[in-house]
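Asker: Before I ask anything, here is the structure I am working with.
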Amino acid sequence: WESFLPSRVLVQPVQLICLYAPAYHLILEGILILWIIRLLFSKTYKLQERSDLTPKEKEELIEEWQPEPLVPPVPKDHPALNYNVVSGPPTHIITVNGKECINFASFNFLGLLDNEKVKSAAQASLKKYGVGTCGPRGFYGTFDVHLELEERLAKFMRTEEAIIYSYGFATIASAIPAYSKRGDIVFVDEAACFAIQKGLQASRSNIKLFKHNDMADLERLLKEQETEDQKNPRKARVTRRFIVVEGLYMNTGDVCPLPELIKLKYKYKVRIFLEESLSFGVLGEHGRGITEHFGINIDDIDLISANMENSLASIGGFCCGRSFIIDHQRLSGQGYCFSASLPPLLAAAAIEALNIMEDNPDIFQTLRAKCERIHELLQGISGLKVVGESFSPALHLQLEESCGSRENDVKLLKRVVDYCMNSGIALTQARYLEKEEKCLPPPRTRTGQICIELDCCLGFLFPQIIRMSVLHYSDFTLDIQVLPLMALKPD
């Protein structure tokens with residue numbers, strides 16, 4: 001009976017614990033016991049009593065209280081709140097705020113926006129289908145003209161399949177998070193456009209920026225990741241890796257070094273996503289983009305994305321590649337699944353634009369020649385430098401030297417743009433969401449040339465007006481003589 005006494009029942013387990021338990025266990029348990037005892041016997045604290053306010057005092061406090069603003073204050077003169085209103089089609093001559101100007105502001109590169117064939121196709125589709133679709137692709141928003149456009153785009157780009165979106169910005173912003181998820185790794189050029197940045201943000205992937213078009217810096221990051229993968233091979237097996245670049249960069253006007261990127265892709269076993277909104281319908285013998293420009297096999301690219309809002313003069317965007325890759329977007333592409341599908345009249349317009357591109361391949365050589373001519377004429381403007389490739393239809397004019405701050409640079413370029421507008425030249429100033437950009441580009445004036453329709457003499461006047469605007473609004477000294485406009489000749 002002594003073995004069943006309470007003292008023995010309690011003491012023996014304690015003795016065993018003391019003999020065989022590690023010392024740090026005993027210390028930790030002792031601390032926990034002391035902490036529990038302290039909580040049990042500690043005094044409870046009462047809130048300080050405060051006198052009740054009178055109704056009058058309560059009303060005064062309510063009147064004095066001001067809620068925090070829902071959004072930060074925006075000045076009335078902010079550019080986003082002051083629009084340049086266009087009346088009429090934005091062809092090579094555009095009417096802005098009631099004034100006719102030569103259009104160097106829009107991205108109607110091939111001049112198809114006011115093409116009679118394109119307009120006729122859109123009008124015929126409007127009579128047949130109506131204005132919109134009022135439903136996403138999965139809910140009675142798929143029309144036969146959508147399927148025809150996807151088939152034509154796949155055939156034109158020489159890929160297995162294509163998918164169209166109703167909004168150009170949402171195309172790459174939806175495609176990236178459809179494949180890259182939390183824990184995956186994306187190597188992206190620091191000059192990537194804002195649509196790519198939003199797609200990366202939505203993916204919640206691990207983002208690694210490399211210097212613009214710097215393949216040595218990219219390979220450094222790839223080697224570092226390879227070393228990390230060797231330390232944890234189990235995690236590496238389930239981690240996907242992507243390289244995201246633009247064919248022709250919106251923010252710089254440069255082309256990506258695609259041949260070098262292909263070598264790194266196979267060397268380090270990564271996938272390449274290529275955004276071609278500016279290069280599609282511009283580069284290559286037939287306008288197929290950067291892959292045709294460099295003679296790269298289209299199968300070496302995992303996914304190609306582009307919008308139809310530039311060369312095709314329509315709305316929306318598309319992705320193309322292998323069938324199993326594209327089909328995944330029909331289930332996971334947010335912009336595809338949850339947005340109303342592309343209006344049929346815009347799909348019909350894009351199909352007709354593709355017909356014109358296929359029937360007239362010479363337009364791409366004409367575009368390239370006029371781009372190079374404008375690029376040449378813009379050289380030598382004291383105080384300004386041209387940024388971008390000579391064959392790029394979207395050029396950037398940037399200050400050679402800063403005025404001391406970004407704000408002053410922006411104001412000076414704004415005065416240059418206003419002077420050109422008053423002189424009959426429509427330009428646009430590149431704008432950015434400064435607090436959200438990963439790598440904020442310097443202030444620039446962007447020119448989108450409608451080179452196919454642009455008369456050579458008009459193209460020659462444009463650089464002269466730029467020169468005069470710089471002379472008028474800055475202390476720069478020009479090395480050339482500014483001639484009266486009436487005396488200017490193309491050659």
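The way I read the labels, and the way they are meant: chains A, B, ... in the order of the structure tokens, residue 1 as the first residue of every chain, and ligand 1 as the first ligand shown, with later ones counted on from there.
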Would you pick out the contacts of Thr142 (chain A) at 10 Å or less, using only C-alpha atoms, so that residues sharing its chain but fewer than 6 positions from it are not included, and give the list as a ChimeraX atom specification?
Answerer: /A:133,135-136,340-342,344
Asker: Create the file for the chosen residues now, containing all heavy atoms and written as an mmCIF file, in the first residue's frame.
Answerer:
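Result file follows (part27.cif):
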```
data_model
loop_
_atom_site.group_PDB
_atom_site.id
_atom_site.type_symbol
_atom_site.label_atom_id
_atom_site.label_comp_id
_atom_site.auth_asym_id
_atom_site.auth_seq_id
_atom_site.Cartn_x
_atom_site.Cartn_y
_atom_site.Cartn_z
ATOM 1 N N THR A 133 -20.031 42.924 -76.354
ATOM 2 C CA THR A 133 -20.313 41.505 -76.125
ATOM 3 C C THR A 133 -21.059 41.265 -74.823
ATOM 4 O O THR A 133 -21.792 40.285 -74.699
ATOM 5 C CB THR A 133 -19.002 40.697 -76.087
ATOM 6 O OG1 THR A 133 -18.183 41.189 -75.015
ATOM 7 C CG2 THR A 133 -18.254 40.819 -77.402
ATOM 8 N N GLY A 135 -20.180 40.121 -72.004
ATOM 9 C CA GLY A 135 -19.890 38.873 -71.332
ATOM 10 C C GLY A 135 -18.468 38.426 -71.584
ATOM 11 O O GLY A 135 -17.920 38.671 -72.658
ATOM 12 N N PRO A 136 -17.828 37.769 -70.594
ATOM 13 C CA PRO A 136 -16.479 37.225 -70.807
ATOM 14 C C PRO A 136 -16.521 36.018 -71.719
ATOM 15 O O PRO A 136 -17.584 35.485 -72.047
ATOM 16 C CB PRO A 136 -16.028 36.866 -69.392
ATOM 17 C CG PRO A 136 -17.278 36.662 -68.621
ATOM 18 C CD PRO A 136 -18.312 37.557 -69.221
ATOM 19 N N ALA A 340 -15.162 41.415 -70.035
ATOM 20 C CA ALA A 340 -15.971 41.234 -71.241
ATOM 21 C C ALA A 340 -15.041 41.087 -72.437
ATOM 22 O O ALA A 340 -13.998 41.741 -72.521
ATOM 23 C CB ALA A 340 -16.909 42.422 -71.433
ATOM 24 N N SER A 341 -15.406 40.219 -73.352
ATOM 25 C CA SER A 341 -14.529 39.932 -74.490
ATOM 26 C C SER A 341 -14.440 41.116 -75.448
ATOM 27 O O SER A 341 -15.225 42.075 -75.367
ATOM 28 C CB SER A 341 -15.042 38.695 -75.235
ATOM 29 O OG SER A 341 -16.363 38.906 -75.700
ATOM 30 N N LEU A 342 -13.485 41.051 -76.330
ATOM 31 C CA LEU A 342 -13.221 42.130 -77.278
ATOM 32 C C LEU A 342 -14.444 42.380 -78.159
ATOM 33 O O LEU A 342 -15.030 41.431 -78.692
ATOM 34 C CB LEU A 342 -12.017 41.747 -78.145
ATOM 35 C CG LEU A 342 -11.484 42.814 -79.105
ATOM 36 C CD1 LEU A 342 -10.801 43.923 -78.320
ATOM 37 C CD2 LEU A 342 -10.498 42.177 -80.083
ATOM 38 N N PRO A 344 -16.691 42.694 -81.232
ATOM 39 C CA PRO A 344 -16.453 42.054 -82.531
ATOM 40 C C PRO A 344 -15.962 43.014 -83.613
ATOM 41 O O PRO A 344 -15.167 42.625 -84.470
ATOM 42 C CB PRO A 344 -17.823 41.473 -82.883
ATOM 43 C CG PRO A 344 -18.496 41.266 -81.574
ATOM 44 C CD PRO A 344 -18.020 42.368 -80.700
#
```
Asker: Please extract the residues of region 197-323 of chain A with a backbone DSSP assignment of strand (DSSP E or B) and present them as number ranges by chain.
Answerer: A: 206-210, 241-246, 248, 255, 271-275, 303-307, 317-321
Asker: Would you put the residues from that selection into a file with N, CA and C atoms, as a PDB file, in the first residue's frame?
Answerer:
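File written: out27.pdb
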```pdb
ATOM      1  N   ASN A 206       9.373  35.934 -56.528  1.00  0.00           N
ATOM      2  CA  ASN A 206      10.630  36.543 -56.108  1.00  0.00           C
ATOM      3  C   ASN A 206      11.248  37.236 -57.311  1.00  0.00           C
ATOM      4  N   ILE A 207      11.282  38.561 -57.292  1.00  0.00           N
ATOM      5  CA  ILE A 207      11.712  39.350 -58.450  1.00  0.00           C
ATOM      6  C   ILE A 207      13.185  39.727 -58.297  1.00  0.00           C
ATOM      7  N   LYS A 208      13.951  39.486 -59.369  1.00  0.00           N
ATOM      8  CA  LYS A 208      15.363  39.868 -59.399  1.00  0.00           C
ATOM      9  C   LYS A 208      15.603  40.727 -60.636  1.00  0.00           C
ATOM     10  N   LEU A 209      15.922  42.004 -60.397  1.00  0.00           N
ATOM     11  CA  LEU A 209      16.131  42.955 -61.489  1.00  0.00           C
ATOM     12  C   LEU A 209      17.575  42.914 -61.951  1.00  0.00           C
ATOM     13  N   PHE A 210      17.771  42.914 -63.272  1.00  0.00           N
ATOM     14  CA  PHE A 210      19.130  43.061 -63.810  1.00  0.00           C
ATOM     15  C   PHE A 210      19.215  44.356 -64.606  1.00  0.00           C
ATOM     16  N   ARG A 241      11.558  29.215 -62.953  1.00  0.00           N
ATOM     17  CA  ARG A 241      12.394  30.398 -63.194  1.00  0.00           C
ATOM     18  C   ARG A 241      12.055  30.971 -64.563  1.00  0.00           C
ATOM     19  N   PHE A 242      11.897  32.300 -64.593  1.00  0.00           N
ATOM     20  CA  PHE A 242      11.509  32.980 -65.822  1.00  0.00           C
ATOM     21  C   PHE A 242      12.425  34.179 -66.070  1.00  0.00           C
ATOM     22  N   ILE A 243      12.597  34.489 -67.352  1.00  0.00           N
ATOM     23  CA  ILE A 243      13.200  35.756 -67.771  1.00  0.00           C
ATOM     24  C   ILE A 243      12.121  36.522 -68.524  1.00  0.00           C
ATOM     25  N   VAL A 244      11.859  37.757 -68.103  1.00  0.00           N
ATOM     26  CA  VAL A 244      10.832  38.589 -68.741  1.00  0.00           C
ATOM     27  C   VAL A 244      11.506  39.826 -69.324  1.00  0.00           C
ATOM     28  N   VAL A 245      11.365  40.006 -70.640  1.00  0.00           N
ATOM     29  CA  VAL A 245      11.971  41.147 -71.325  1.00  0.00           C
ATOM     30  C   VAL A 245      10.979  41.680 -72.360  1.00  0.00           C
ATOM     31  N   GLU A 246      11.291  42.857 -72.887  1.00  0.00           N
ATOM     32  CA  GLU A 246      10.527  43.429 -73.997  1.00  0.00           C
ATOM     33  C   GLU A 246      11.346  43.310 -75.270  1.00  0.00           C
ATOM     34  N   LEU A 248      11.074  45.466 -77.930  1.00  0.00           N
ATOM     35  CA  LEU A 248      11.456  46.865 -78.127  1.00  0.00           C
ATOM     36  C   LEU A 248      10.918  47.621 -76.917  1.00  0.00           C
ATOM     37  N   VAL A 255      16.231  47.660 -78.322  1.00  0.00           N
ATOM     38  CA  VAL A 255      15.810  46.278 -78.519  1.00  0.00           C
ATOM     39  C   VAL A 255      16.574  45.393 -77.536  1.00  0.00           C
ATOM     40  N   ARG A 271      12.794  29.876 -68.458  1.00  0.00           N
ATOM     41  CA  ARG A 271      11.816  30.151 -69.503  1.00  0.00           C
ATOM     42  C   ARG A 271      11.852  31.631 -69.852  1.00  0.00           C
ATOM     43  N   ILE A 272      11.549  31.957 -71.112  1.00  0.00           N
ATOM     44  CA  ILE A 272      11.573  33.348 -71.572  1.00  0.00           C
ATOM     45  C   ILE A 272      10.163  33.790 -71.943  1.00  0.00           C
ATOM     46  N   PHE A 273       9.730  34.905 -71.333  1.00  0.00           N
ATOM     47  CA  PHE A 273       8.501  35.592 -71.726  1.00  0.00           C
ATOM     48  C   PHE A 273       8.909  36.881 -72.447  1.00  0.00           C
ATOM     49  N   LEU A 274       8.354  37.091 -73.628  1.00  0.00           N
ATOM     50  CA  LEU A 274       8.756  38.211 -74.481  1.00  0.00           C
ATOM     51  C   LEU A 274       7.558  39.116 -74.726  1.00  0.00           C
ATOM     52  N   GLU A 275       7.660  40.377 -74.310  1.00  0.00           N
ATOM     53  CA  GLU A 275       6.592  41.353 -74.525  1.00  0.00           C
ATOM     54  C   GLU A 275       6.920  42.164 -75.775  1.00  0.00           C
ATOM     55  N   LEU A 303       6.727  32.202 -74.396  1.00  0.00           N
ATOM     56  CA  LEU A 303       5.476  32.941 -74.528  1.00  0.00           C
ATOM     57  C   LEU A 303       5.759  34.313 -75.128  1.00  0.00           C
ATOM     58  N   ILE A 304       4.964  34.690 -76.119  1.00  0.00           N
ATOM     59  CA  ILE A 304       5.047  36.019 -76.728  1.00  0.00           C
ATOM     60  C   ILE A 304       3.752  36.750 -76.451  1.00  0.00           C
ATOM     61  N   SER A 305       3.886  37.982 -75.996  1.00  0.00           N
ATOM     62  CA  SER A 305       2.725  38.817 -75.702  1.00  0.00           C
ATOM     63  C   SER A 305       2.858  40.128 -76.464  1.00  0.00           C
ATOM     64  N   ALA A 306       1.737  40.664 -76.921  1.00  0.00           N
ATOM     65  CA  ALA A 306       1.737  41.959 -77.613  1.00  0.00           C
ATOM     66  C   ALA A 306       0.342  42.551 -77.544  1.00  0.00           C
ATOM     67  N   ASN A 307       0.255  43.862 -77.696  1.00  0.00           N
ATOM     68  CA  ASN A 307      -1.073  44.458 -77.792  1.00  0.00           C
ATOM     69  C   ASN A 307      -1.389  44.749 -79.256  1.00  0.00           C
ATOM     70  N   GLY A 317      -5.139  42.856 -76.767  1.00  0.00           N
ATOM     71  CA  GLY A 317      -3.822  42.258 -76.917  1.00  0.00           C
ATOM     72  C   GLY A 317      -3.950  40.769 -77.144  1.00  0.00           C
ATOM     73  N   PHE A 318      -2.798  40.126 -77.337  1.00  0.00           N
ATOM     74  CA  PHE A 318      -2.805  38.677 -77.565  1.00  0.00           C
ATOM     75  C   PHE A 318      -1.530  38.056 -77.027  1.00  0.00           C
ATOM     76  N   CYS A 319      -1.594  36.761 -76.746  1.00  0.00           N
ATOM     77  CA  CYS A 319      -0.438  35.942 -76.416  1.00  0.00           C
ATOM     78  C   CYS A 319      -0.421  34.774 -77.388  1.00  0.00           C
ATOM     79  N   CYS A 320       0.764  34.314 -77.733  1.00  0.00           N
ATOM     80  CA  CYS A 320       0.870  33.168 -78.629  1.00  0.00           C
ATOM     81  C   CYS A 320       2.037  32.291 -78.206  1.00  0.00           C
ATOM     82  N   GLY A 321       1.931  31.020 -78.556  1.00  0.00           N
ATOM     83  CA  GLY A 321       2.953  30.036 -78.199  1.00  0.00           C
ATOM     84  C   GLY A 321       2.415  28.642 -78.438  1.00  0.00           C
TER      85      GLY A 321
END
```
Asker: Could you work out how far CA of Met308 (chain A) lies from CA of Ser166 (chain A), giving the answer in Å with one decimal?
Answerer: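 Going from CA of Ser166 (chain A) over to CA of Met308 (chain A), I get 9.5 Å.
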Asker: What is the CA of Asn360 (chain A) to CA of Gly247 (chain A) distance in Å?
Answerer: 22.7 Å
Asker: I need the residue nearest Thr95 (chain A) from this list: A:Leu70, A:Met421, A:Ala195, A:Leu412. Use only C-alpha atoms for the distance.
Answerer: A:Met421
Asker: Quick one: distance from CA of Val118 (chain A) to CA of Asn84 (chain A) in Å, one decimal?
Answerer: 26.0 Å
Asker: Tell me which of A:Phe194, A:Phe364, A:Phe324, A:Trp65 sits closest to Glu436 (chain A), counting only C-alpha atoms.
Answerer: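 When distances to Glu436 (chain A) are compared using only C-alpha atoms, the smallest one comes from A:Phe194.
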